[in-house]
Every structure is written in C-alpha cells, then in structure tokens.
Amino acid sequence: MSMDITLSREDVVRLCERIEGAQRRAHAIPKLTDEYPGMTIGDGYAVQTELRRRYVAQGHRLVGWKAGLTSKAKMRQMGVDVPSIGFLTDRMARAENAAISTSDLVHPRVECEVAFVMKKALAGPGCTRQDVLDATDHVLPAVEIIDSRFSGFKFDLASVVADNGSSARFVGGGRARCADELDLRTLGVVLEKNGEIVGMGAAAAVLGHPADAVAMLVNILAELGESLPAGSFVMSGGITEAVPVRPGDSVVARFQELGSVSMRFA
Ligand code: OOG
Ligand code: MG
C-alpha cells in the first residue's frame with residue numbers, strides 16, 4: 001500500500017473542498033480518480049486528513065475511527081480489496097431508536113459492525129489483536145450508515161479514502177460487554193429491514209477477528225503519524241453487505257450476546 005503523496009498541496013485542498021461540498025450538500029460527484037488517475041492511497045489519506053483538520057477547526061469533535069472494507073462481503077460488493085480507515089465525529093452520532101433523516105444524505109446504506117471503546121491509548125506500528133483486546137474497555141453492537149459521495153456508489157480505494165470511507169452516521173447501542181467474556185469470532189448478527197432478514201453473518205467475517213481490524217486501523221494511523229487515544233469509539237467494519245435504506249424504512253441489527261440496535265429513516 002503506497003502512502004506516497006503525489007498531489008500538490010493545492011490539489012489536496014481543492015479535492016478536499018470538493019468532498020466537503022458534496023458531504024454538506026448531499027450531492028454526488030464523480031470519483032476523484034476520473035480527474036486524477038494517478039492518485040495514490042497516500043493522496044487519498046492526505047485529502048482525508050485535510051477534511052478532518054477542517055471539521056475540527058469548525059468545532060466538530062473527533063470521537064473515534066472506523067475500519068472499512070474489512071470483510072469479503074464488503075470487498076466483493078465494492079470491488080476493492082484493501083481495507084481503509086476513516087474518522088468519526090460527534091456530528092455523525094445518532095441515538096438508538098432515532099429517526100434518521102435521509103434528506104441530508106445521497107444514497108445511504110446500513111451495515112452491522114462490532115464497535116470497540118478503548119480504555120488505553122494504542123499506537124502502531126506492530127499493533128496486534130492482543131494489544132487491542134488489552135486496551136479495550138468494552139465492545140458494543142453498532143450500525144453504520146455509510147453514504148458514498150460518488151455517483152452510483154462506485155469508487156476505487158484512493159477516492160473512497162478521500163471521502164472519509166463513506167462515513168456519514170453511526171448508531172451504537174445494545175448491551176456493552178467486556179471483550180474477554182465473548183468469542184468475537186463466532187458472534188452472530190442478523191440484519192432486518194422492515195421486518196425481513198436482509199443480511200446475516202458472524203464477526204469472523206471481519207479479517208478473521210474484529211480486533212484484527214482495529215489493530216490494522218492502529219497500524220494505518222501510525223503510517224499517518226497518528227495514534228488512537230484512550231476513550232476512542234472504533235467501528236471494526238461491516239460484517240455483511242451494506243443494504244440501501246429509504247425514508248420510511250426501519251432497521252434492526254440483532255447481535256448474539258450484545259442485544260440489538262434499532263433505527264428508522266425519515
Ligand atoms: C466504504 C466504507 C466501508 C465498511 O464497514 O466496510 C465500510 C464503502 O463501502 O462505501 O464502512
Ligand atoms: Mg462500515
């Protein structure tokens with residue numbers, strides 16, 4: 001994975017403004033590599049870092065990070081075979097059972113994920129599954145609402161990284177549990193939309209163990225010169241394919257051992 005930056009500072013800022021505009025106005029834009037075919041993953045992260053800097057400067061609070069494209073189901077669905085990371089802010093969080101507006105989103109999709117809340121800071125390189133489990137305060141079930149800003153939800157890794165991994169909203173809920181009381185590989189989840197089962201899987205779908213996805217995230221953070229602070233909320237990546245939602249839909253993710261997370265869309 002090349003973290004080399006080939007774009008000029010001016011181009012990074014220009015692309016960041018384009019992404020920020022698309023996120024704010026909820027309108028789709030062509031993927032960035034249509035104009036910059038030579039964009040690297042490093043360029044994507046440079047744009048994402050600039051986006052994070054701007055949101056923080058505007059008063060958004062960084063609450064954690066997400067790993068993406070960590071399961072075969074997601075990689076197959078999106079045609080990308082390398083995981084990515086993105087940042088999460090307080091403005092993206094929604095309460096359990098909330099009505100989530102779709103008028104400020106382009107084409108939202110939901111996915112079920114295991115979330116980790118950290119009691120200790122973690123820094124890479126070389127972060128392992130065991131390091132993650134030792135630093136975890138508790139795990140909880142979560143639903144991520146992703147929303148690519150790219151037309152047709154079609155992109156490549158450099159573009160989706162620049163768009164902060166399609167991050168849009170997230171809902172944590174259910175029951176918080178200590179990670180060492182559970183087998184996080186065999187933990188099952190069923191995703192229901194309007195009372196019908198639309199996806200199911202086990203958390204092992206995420207890189208063999210969801211804590212491995214968090215370790216990978218910490219190691220990518222190290223390549224960006226960042227670390228994971230204590231107190232961070234971390235989503236480990238969609239277990240099943242993401243499912244499109246529209247106004248009027250209700251969604252429940254039922255996790256074995258961890259309870260369920262519900263929301264509806266307006
Ligand atoms: C990229 C974000 C993927 C996940 O959990 O795999 C992601 C996308 O599919 O738009 O959040
Ligand atoms: Mg996700």
# chains A, B, ... in the order shown; residues from 1 in each chain; ligands from 1
>>> closest_atom_pairs(of="chain A", to="ligand 1", cutoff="8 Å", atoms="only C-alpha atoms and all ligand atoms", output="tab-separated table")
residue	atom	partner	partner_atom_place_in_ligand_line	distance
A:Lys66	CA	ligand 1	11 (O)	7.0
A:Ala67	CA	ligand 1	5 (O)	6.3
A:Gly68	CA	ligand 1	4 (C)	3.5
A:Leu69	CA	ligand 1	6 (O)	3.6
A:Thr70	CA	ligand 1	6 (O)	5.6
A:Ser71	CA	ligand 1	6 (O)	6.7
A:Lys74	CA	ligand 1	6 (O)	5.4
A:Met75	CA	ligand 1	6 (O)	7.4
A:Gln77	CA	ligand 1	9 (O)	7.7
A:Met78	CA	ligand 1	9 (O)	5.9
A:Pro83	CA	ligand 1	6 (O)	7.7
A:Ser84	CA	ligand 1	3 (C)	7.6
A:Glu111	CA	ligand 1	5 (O)	6.7
A:Cys112	CA	ligand 1	5 (O)	7.9
A:Glu113	CA	ligand 1	5 (O)	7.0
A:Glu144	CA	ligand 1	11 (O)	6.9
A:Ile146	CA	ligand 1	10 (O)	6.0
A:Asp147	CA	ligand 1	10 (O)	6.5
A:Ser148	CA	ligand 1	10 (O)	5.3
A:Phe153	CA	ligand 1	10 (O)	6.9
A:Val160	CA	ligand 1	1 (C)	6.3
A:Gly165	CA	ligand 1	2 (C)	4.5
A:Ser166	CA	ligand 1	10 (O)	4.7
A:Ser167	CA	ligand 1	11 (O)	6.6
A:Met235	CA	ligand 1	5 (O)	7.7
A:Ser236	CA	ligand 1	5 (O)	7.0
A:Gly237	CA	ligand 1	5 (O)	3.4
A:Gly238	CA	ligand 1	5 (O)	3.6
A:Ile239	CA	ligand 1	5 (O)	7.3
A:Ala242	CA	ligand 1	9 (O)	7.3
>>> residues_around(residues="Tyr55 of chain A", least_positions_apart="3", cutoff="12 Å", atoms="only C-alpha atoms", output="PyMOL selection string")
chain A and resi 16-17+20+23-24+48-52+58-62+87-92+164
>>> closest_residue(among="A:Ala46, A:Val189, A:Val143, A:Ala205", to="Val13 of chain A", atoms="only C-alpha atoms")
A:Ala46
>>> residues_around(residues="Val198 of chain A", least_positions_apart="2", cutoff="10 Å", atoms="only C-alpha atoms", output="list in words")
Val190, Leu191, Glu192, Lys193, Asn194, Gly195, Glu196, Met200, Thr240, Glu241, Ala242, Val243 and Val251 of chain A
>>> select_by_dssp(residues="segment 101-149 of chain A", states="helix (DSSP H, G or I)", output="PyMOL selection string")
chain A and resi 129-135
>>> write_last_selection(atoms="C-alpha atoms", output="CSV table (one decimal), in the first residue's frame")
chain,number,residue,atom,x,y,z
A,129,ARG,CA,-5.1,-8.4,18.2
A,130,GLN,CA,-3.9,-9.0,21.8
A,131,ASP,CA,-2.8,-5.3,22.2
A,132,VAL,CA,-6.3,-4.3,21.0
A,133,LEU,CA,-8.1,-6.6,23.4
A,134,ASP,CA,-5.9,-5.5,26.3
A,135,ALA,CA,-6.7,-1.8,25.6
>>> closest_residue(among="A:Pro108, A:Gly126, A:Gly174, A:Gly152", to="ligand 2", atoms="only C-alpha atoms and all ligand atoms")
A:Pro108
>>> closest_residue(among="A:Asn219, A:Met118, A:Ala123, A:Ile145", to="Ala179 of chain A", atoms="only C-alpha atoms")
A:Met118
